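See below for the structure under consideration.
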Amino acid sequence: MSLPSELAAALRFWTRRPLIAIASIVSLAVGLAVASSVFALADAALWRPLPIRGAERVVWIDSVDRGVASSTAPGVFSSWARGAVSLEAIGALRPSESIFRDDRPGQRVAGAYATAGVMKVLAVQPVLG
């Protein structure tokens with residue numbers, strides 16, 4: 001069969017069963033949307049550099065205890081900071097979550113505690129503080 005006759009047969013099938021046609025089109029649209037979303041996230045997270053000056057020089061150092069990443073104790077971080085003669089700057093982050101309240105019900109807000117060195121590592125100035 002030729003392409004025009006195949007397309008005509010498909011069109012006849014879809015006009016006889018519009019529910020199948022709608023389900024096919026919706027499935028195709030959802031599949032394309034999911035694929036493009038995953039690609040956009042991977043592109044932003046994996047392939048593009050960090051949006052800071054000198055991103056190729058920024059490294060993440062973490063503590064590992066028996067093969068599992070763990071929090072670095074403040075004393076260990078202070079020791080690293082004192083002994084880091086080959087690093088231009090060193091900073092520490094700890095994720096946190098707070099509850100923001102005003103005249104409405106409280107809302108959870110993700111944030112992080114950061115040492116002053118983080119601003120120097122990222123080469124940015126704080127807005128406040």
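Identifiers in the structure tokens: chain A, B, ... in order shown; residue index from 1 per chain; ligand index from 1 in order shown.
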### Task
Would you list, as an MDAnalysis selection string, the residues of range 76-126 of chain A that end up in helix (DSSP H, G or I) under DSSP run on this structure's backbone?
chainID A and resid 76:83 117:122
Emit the selected residues as an mmCIF file, in the first residue's frame, including all heavy atoms.
data_model
loop_
_atom_site.group_PDB
_atom_site.id
_atom_site.type_symbol
_atom_site.label_atom_id
_atom_site.label_comp_id
_atom_site.auth_asym_id
_atom_site.auth_seq_id
_atom_site.Cartn_x
_atom_site.Cartn_y
_atom_site.Cartn_z
ATOM 1 N N VAL A 76 35.635 19.863 62.298
ATOM 2 C CA VAL A 76 36.340 19.323 61.128
ATOM 3 C C VAL A 76 36.428 20.395 60.050
ATOM 4 O O VAL A 76 37.471 20.594 59.433
ATOM 5 C CB VAL A 76 35.636 18.055 60.602
ATOM 6 C CG1 VAL A 76 36.250 17.587 59.294
ATOM 7 C CG2 VAL A 76 35.680 16.953 61.641
ATOM 8 N N PHE A 77 35.325 21.124 59.842
ATOM 9 C CA PHE A 77 35.347 22.196 58.848
ATOM 10 C C PHE A 77 36.369 23.264 59.227
ATOM 11 O O PHE A 77 37.130 23.736 58.380
ATOM 12 C CB PHE A 77 33.964 22.837 58.690
ATOM 13 C CG PHE A 77 33.996 24.076 57.847
ATOM 14 C CD1 PHE A 77 34.133 23.983 56.479
ATOM 15 C CD2 PHE A 77 33.930 25.332 58.436
ATOM 16 C CE1 PHE A 77 34.194 25.116 55.696
ATOM 17 C CE2 PHE A 77 33.989 26.466 57.663
ATOM 18 C CZ PHE A 77 34.117 26.368 56.285
ATOM 19 N N SER A 78 36.401 23.650 60.494
ATOM 20 C CA SER A 78 37.381 24.653 60.944
ATOM 21 C C SER A 78 38.793 24.165 60.699
ATOM 22 O O SER A 78 39.663 24.935 60.281
ATOM 23 C CB SER A 78 37.189 24.963 62.426
ATOM 24 O OG SER A 78 35.930 25.539 62.639
ATOM 25 N N SER A 79 39.043 22.890 60.933
ATOM 26 C CA SER A 79 40.363 22.310 60.680
ATOM 27 C C SER A 79 40.705 22.363 59.194
ATOM 28 O O SER A 79 41.825 22.698 58.810
ATOM 29 C CB SER A 79 40.389 20.869 61.188
ATOM 30 O OG SER A 79 41.597 20.246 60.841
ATOM 31 N N TRP A 80 39.734 22.035 58.356
ATOM 32 C CA TRP A 80 39.954 22.115 56.902
ATOM 33 C C TRP A 80 40.262 23.556 56.495
ATOM 34 O O TRP A 80 41.158 23.807 55.696
ATOM 35 C CB TRP A 80 38.724 21.655 56.136
ATOM 36 C CG TRP A 80 38.473 20.178 56.164
ATOM 37 C CD1 TRP A 80 39.286 19.198 56.634
ATOM 38 C CD2 TRP A 80 37.298 19.521 55.686
ATOM 39 N NE1 TRP A 80 38.693 17.968 56.482
ATOM 40 C CE2 TRP A 80 37.477 18.143 55.908
ATOM 41 C CE3 TRP A 80 36.123 19.957 55.114
ATOM 42 C CZ2 TRP A 80 36.527 17.202 55.552
ATOM 43 C CZ3 TRP A 80 35.176 19.020 54.771
ATOM 44 C CH2 TRP A 80 35.372 17.657 54.978
ATOM 45 N N ALA A 81 39.499 24.508 57.033
ATOM 46 C CA ALA A 81 39.685 25.920 56.666
ATOM 47 C C ALA A 81 41.066 26.412 57.071
ATOM 48 O O ALA A 81 41.713 27.147 56.317
ATOM 49 C CB ALA A 81 38.593 26.772 57.309
ATOM 50 N N ARG A 82 41.539 26.014 58.251
ATOM 51 C CA ARG A 82 42.884 26.430 58.695
ATOM 52 C C ARG A 82 43.976 25.790 57.842
ATOM 53 O O ARG A 82 44.989 26.414 57.541
ATOM 54 C CB ARG A 82 43.093 26.050 60.164
ATOM 55 C CG ARG A 82 42.454 26.989 61.131
ATOM 56 C CD ARG A 82 42.928 26.733 62.560
ATOM 57 N NE ARG A 82 42.743 25.337 62.979
ATOM 58 C CZ ARG A 82 41.626 24.844 63.503
ATOM 59 N NH1 ARG A 82 40.581 25.623 63.656
ATOM 60 N NH2 ARG A 82 41.546 23.589 63.857
ATOM 61 N N GLY A 83 43.785 24.557 57.438
ATOM 62 C CA GLY A 83 44.823 23.837 56.711
ATOM 63 C C GLY A 83 44.747 23.963 55.199
ATOM 64 O O GLY A 83 45.595 23.427 54.486
ATOM 65 N N GLY A 117 32.333 32.303 54.096
ATOM 66 C CA GLY A 117 33.180 31.881 52.990
ATOM 67 C C GLY A 117 32.415 31.461 51.753
ATOM 68 O O GLY A 117 32.942 31.502 50.647
ATOM 69 N N VAL A 118 31.147 31.070 51.909
ATOM 70 C CA VAL A 118 30.344 30.646 50.756
ATOM 71 C C VAL A 118 30.187 31.798 49.767
ATOM 72 O O VAL A 118 30.282 31.611 48.557
ATOM 73 C CB VAL A 118 28.968 30.111 51.211
ATOM 74 C CG1 VAL A 118 28.041 29.897 50.034
ATOM 75 C CG2 VAL A 118 29.138 28.822 51.988
ATOM 76 N N MET A 119 29.990 33.008 50.276
ATOM 77 C CA MET A 119 29.844 34.171 49.395
ATOM 78 C C MET A 119 31.132 34.422 48.611
ATOM 79 O O MET A 119 31.094 34.788 47.442
ATOM 80 C CB MET A 119 29.460 35.416 50.191
ATOM 81 C CG MET A 119 28.133 35.299 50.873
ATOM 82 S SD MET A 119 26.804 35.135 49.680
ATOM 83 C CE MET A 119 25.617 34.249 50.629
ATOM 84 N N LYS A 120 32.254 34.211 49.256
ATOM 85 C CA LYS A 120 33.536 34.391 48.562
ATOM 86 C C LYS A 120 33.746 33.295 47.516
ATOM 87 O O LYS A 120 34.223 33.553 46.418
ATOM 88 C CB LYS A 120 34.687 34.398 49.566
ATOM 89 C CG LYS A 120 35.997 34.786 48.960
ATOM 90 C CD LYS A 120 37.075 34.970 50.004
ATOM 91 C CE LYS A 120 38.370 35.367 49.319
ATOM 92 N NZ LYS A 120 39.478 35.432 50.238
ATOM 93 N N VAL A 121 33.369 32.054 47.841
ATOM 94 C CA VAL A 121 33.496 30.950 46.885
ATOM 95 C C VAL A 121 32.650 31.227 45.651
ATOM 96 O O VAL A 121 33.093 31.025 44.513
ATOM 97 C CB VAL A 121 33.069 29.609 47.530
ATOM 98 C CG1 VAL A 121 32.910 28.519 46.483
ATOM 99 C CG2 VAL A 121 34.065 29.183 48.594
ATOM 100 N N LEU A 122 31.426 31.704 45.854
ATOM 101 C CA LEU A 122 30.517 31.962 44.745
ATOM 102 C C LEU A 122 30.762 33.319 44.083
ATOM 103 O O LEU A 122 30.137 33.642 43.080
ATOM 104 C CB LEU A 122 29.063 31.871 45.222
ATOM 105 C CG LEU A 122 28.637 30.521 45.784
ATOM 106 C CD1 LEU A 122 27.215 30.583 46.300
ATOM 107 C CD2 LEU A 122 28.804 29.420 44.763
#
### Query
Neighbours of range 106-112 of chain A within 7 Å (only C-alpha atoms; same-chain residues fewer than 6 positions away dropped), as a list in words?
Leu93, Arg94, Pro95, Ser96, Glu97, Ser98, Ile99 and Phe100 of chain A
### Task
Within 12 Å of Ile61 in chain A, counting only C-alpha atoms, which residues show up once you throw out same-chain ones fewer than 2 positions away? Write them as a list in words, please.
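What passes the distance filter is Val58, Val59, Ser63, Val64, Ala69, Ser70, Ser71, Thr72, Val76, Phe77, Trp80, Ala81, Leu87, Ile90, Gly91, Ala92 and Leu93 of chain A.
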Only N, CA and C atoms, please: the residues just picked out, written as a short mmCIF file (atom, residue, chain, number, x, y, z; two decimals), in the first residue's frame.
data_model
loop_
_atom_site.label_atom_id
_atom_site.label_comp_id
_atom_site.auth_asym_id
_atom_site.auth_seq_id
_atom_site.Cartn_x
_atom_site.Cartn_y
_atom_site.Cartn_z
N VAL A 58 35.29 25.51 41.25
CA VAL A 58 34.52 25.22 42.46
C VAL A 58 34.42 23.72 42.64
N VAL A 59 34.72 23.24 43.84
CA VAL A 59 34.61 21.81 44.15
C VAL A 59 33.75 21.63 45.40
N SER A 63 32.16 14.76 53.84
CA SER A 63 32.63 13.73 54.75
C SER A 63 31.98 12.41 54.40
N VAL A 64 32.74 11.33 54.52
CA VAL A 64 32.22 9.99 54.27
C VAL A 64 32.57 9.13 55.48
N ALA A 69 27.88 9.19 52.84
CA ALA A 69 28.08 10.62 53.02
C ALA A 69 27.40 11.07 54.31
N SER A 70 28.09 11.89 55.09
CA SER A 70 27.52 12.35 56.35
C SER A 70 27.84 13.83 56.53
N SER A 71 27.21 14.44 57.52
CA SER A 71 27.46 15.85 57.79
C SER A 71 28.87 16.04 58.32
N THR A 72 29.48 17.14 57.92
CA THR A 72 30.81 17.47 58.41
C THR A 72 30.66 18.27 59.69
N VAL A 76 35.64 19.86 62.30
CA VAL A 76 36.34 19.32 61.13
C VAL A 76 36.43 20.39 60.05
N PHE A 77 35.32 21.12 59.84
CA PHE A 77 35.35 22.20 58.85
C PHE A 77 36.37 23.26 59.23
N TRP A 80 39.73 22.03 58.36
CA TRP A 80 39.95 22.12 56.90
C TRP A 80 40.26 23.56 56.50
N ALA A 81 39.50 24.51 57.03
CA ALA A 81 39.68 25.92 56.67
C ALA A 81 41.07 26.41 57.07
N LEU A 87 43.66 26.44 48.65
CA LEU A 87 42.32 26.87 48.24
C LEU A 87 42.20 28.38 48.39
N ILE A 90 36.99 28.88 51.18
CA ILE A 90 36.31 27.67 51.61
C ILE A 90 35.06 28.09 52.38
N GLY A 91 33.97 27.40 52.14
CA GLY A 91 32.72 27.72 52.82
C GLY A 91 31.95 26.45 53.12
N ALA A 92 30.99 26.55 54.01
CA ALA A 92 30.18 25.40 54.39
C ALA A 92 28.70 25.76 54.29
N LEU A 93 27.92 24.78 53.86
CA LEU A 93 26.46 24.92 53.75
C LEU A 93 25.79 23.79 54.52
#
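Taking CA of Val127 in chain A and CA of Ala89 in chain A as the two end points, the separation is 19.7 Å.
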#### Entry: Nearest candidate to Thr115 in chain A (options A:Pro74, A:Pro49, A:Pro18, A:Gly54; using only C-alpha atoms)
A:Pro74
### Query
Quick one: distance from CA of Leu11 in chain A to CA of Ile25 in chain A in Å, one decimal?
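Between CA of Leu11 in chain A and CA of Ile25 in chain A the gap works out to 13.0 Å.
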### Message
Just to confirm, what's the straight-line distance from CA of Trp60 in chain A to CA of Ser36 in chain A in Å (one decimal)?
### Response
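About the pair CA of Trp60 in chain A and CA of Ser36 in chain A: they are 29.2 Å apart.
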### Task
Taking the chain letters and numbering used in this document, name the residues of range 38-95 of chain A that DSSP puts in strand (DSSP E or B), as a PyMOL selection string.
chain A and resi 63-65+68-70+93-95
Print the selection's residues with all heavy atoms to a file, as a PDB file, in the first residue's frame.
ATOM      1  N   SER A  63      32.156  14.760  53.842  1.00  0.00           N
ATOM      2  CA  SER A  63      32.635  13.730  54.755  1.00  0.00           C
ATOM      3  C   SER A  63      31.985  12.405  54.399  1.00  0.00           C
ATOM      4  O   SER A  63      30.814  12.361  54.023  1.00  0.00           O
ATOM      5  CB  SER A  63      32.275  14.080  56.200  1.00  0.00           C
ATOM      6  OG  SER A  63      32.937  15.242  56.606  1.00  0.00           O
ATOM      7  N   VAL A  64      32.743  11.326  54.521  1.00  0.00           N
ATOM      8  CA  VAL A  64      32.217   9.990  54.268  1.00  0.00           C
ATOM      9  C   VAL A  64      32.567   9.126  55.475  1.00  0.00           C
ATOM     10  O   VAL A  64      33.718   9.068  55.904  1.00  0.00           O
ATOM     11  CB  VAL A  64      32.815   9.392  52.975  1.00  0.00           C
ATOM     12  CG1 VAL A  64      32.314   7.974  52.773  1.00  0.00           C
ATOM     13  CG2 VAL A  64      32.467  10.248  51.784  1.00  0.00           C
ATOM     14  N   ASP A  65      31.552   8.484  56.035  1.00  0.00           N
ATOM     15  CA  ASP A  65      31.750   7.610  57.185  1.00  0.00           C
ATOM     16  C   ASP A  65      31.266   6.219  56.811  1.00  0.00           C
ATOM     17  O   ASP A  65      30.077   6.017  56.570  1.00  0.00           O
ATOM     18  CB  ASP A  65      30.970   8.155  58.382  1.00  0.00           C
ATOM     19  CG  ASP A  65      31.196   7.337  59.641  1.00  0.00           C
ATOM     20  OD1 ASP A  65      32.224   6.638  59.732  1.00  0.00           O
ATOM     21  OD2 ASP A  65      30.336   7.385  60.538  1.00  0.00           O
ATOM     22  N   VAL A  68      29.288   6.076  53.556  1.00  0.00           N
ATOM     23  CA  VAL A  68      28.051   6.841  53.474  1.00  0.00           C
ATOM     24  C   VAL A  68      28.366   8.316  53.725  1.00  0.00           C
ATOM     25  O   VAL A  68      29.042   8.649  54.696  1.00  0.00           O
ATOM     26  CB  VAL A  68      27.026   6.338  54.522  1.00  0.00           C
ATOM     27  CG1 VAL A  68      25.757   7.166  54.478  1.00  0.00           C
ATOM     28  CG2 VAL A  68      26.723   4.866  54.313  1.00  0.00           C
ATOM     29  N   ALA A  69      27.875   9.191  52.842  1.00  0.00           N
ATOM     30  CA  ALA A  69      28.080  10.624  53.022  1.00  0.00           C
ATOM     31  C   ALA A  69      27.395  11.066  54.310  1.00  0.00           C
ATOM     32  O   ALA A  69      26.289  10.653  54.613  1.00  0.00           O
ATOM     33  CB  ALA A  69      27.532  11.396  51.835  1.00  0.00           C
ATOM     34  N   SER A  70      28.085  11.886  55.092  1.00  0.00           N
ATOM     35  CA  SER A  70      27.523  12.351  56.355  1.00  0.00           C
ATOM     36  C   SER A  70      27.838  13.830  56.533  1.00  0.00           C
ATOM     37  O   SER A  70      28.646  14.402  55.803  1.00  0.00           O
ATOM     38  CB  SER A  70      28.092  11.531  57.521  1.00  0.00           C
ATOM     39  OG  SER A  70      29.492  11.708  57.582  1.00  0.00           O
ATOM     40  N   LEU A  93      27.916  24.777  53.858  1.00  0.00           N
ATOM     41  CA  LEU A  93      26.462  24.916  53.754  1.00  0.00           C
ATOM     42  C   LEU A  93      25.792  23.791  54.523  1.00  0.00           C
ATOM     43  O   LEU A  93      26.285  22.666  54.537  1.00  0.00           O
ATOM     44  CB  LEU A  93      26.001  24.807  52.299  1.00  0.00           C
ATOM     45  CG  LEU A  93      26.319  25.950  51.367  1.00  0.00           C
ATOM     46  CD1 LEU A  93      26.006  25.549  49.939  1.00  0.00           C
ATOM     47  CD2 LEU A  93      25.521  27.167  51.735  1.00  0.00           C
ATOM     48  N   ARG A  94      24.665  24.101  55.135  1.00  0.00           N
ATOM     49  CA  ARG A  94      23.845  23.060  55.749  1.00  0.00           C
ATOM     50  C   ARG A  94      22.392  23.361  55.407  1.00  0.00           C
ATOM     51  O   ARG A  94      21.884  24.431  55.756  1.00  0.00           O
ATOM     52  CB  ARG A  94      24.032  23.036  57.262  1.00  0.00           C
ATOM     53  CG  ARG A  94      23.286  21.852  57.901  1.00  0.00           C
ATOM     54  CD  ARG A  94      23.428  21.830  59.381  1.00  0.00           C
ATOM     55  NE  ARG A  94      22.445  22.770  59.915  1.00  0.00           N
ATOM     56  CZ  ARG A  94      22.500  23.276  61.138  1.00  0.00           C
ATOM     57  NH1 ARG A  94      23.492  22.989  61.928  1.00  0.00           N
ATOM     58  NH2 ARG A  94      21.561  24.101  61.559  1.00  0.00           N
ATOM     59  N   PRO A  95      21.737  22.460  54.693  1.00  0.00           N
ATOM     60  CA  PRO A  95      20.333  22.703  54.336  1.00  0.00           C
ATOM     61  C   PRO A  95      19.475  22.862  55.580  1.00  0.00           C
ATOM     62  O   PRO A  95      19.742  22.268  56.619  1.00  0.00           O
ATOM     63  CB  PRO A  95      19.926  21.450  53.566  1.00  0.00           C
ATOM     64  CG  PRO A  95      21.201  20.779  53.190  1.00  0.00           C
ATOM     65  CD  PRO A  95      22.222  21.187  54.202  1.00  0.00           C
TER      66      PRO A  95
END
### Message
Calculated over only C-alpha atoms, which of the candidates A:Val85, A:Leu3, A:Ile22, A:Ile52 has the smallest distance to Val124 in chain A?
### Response
A:Ile52
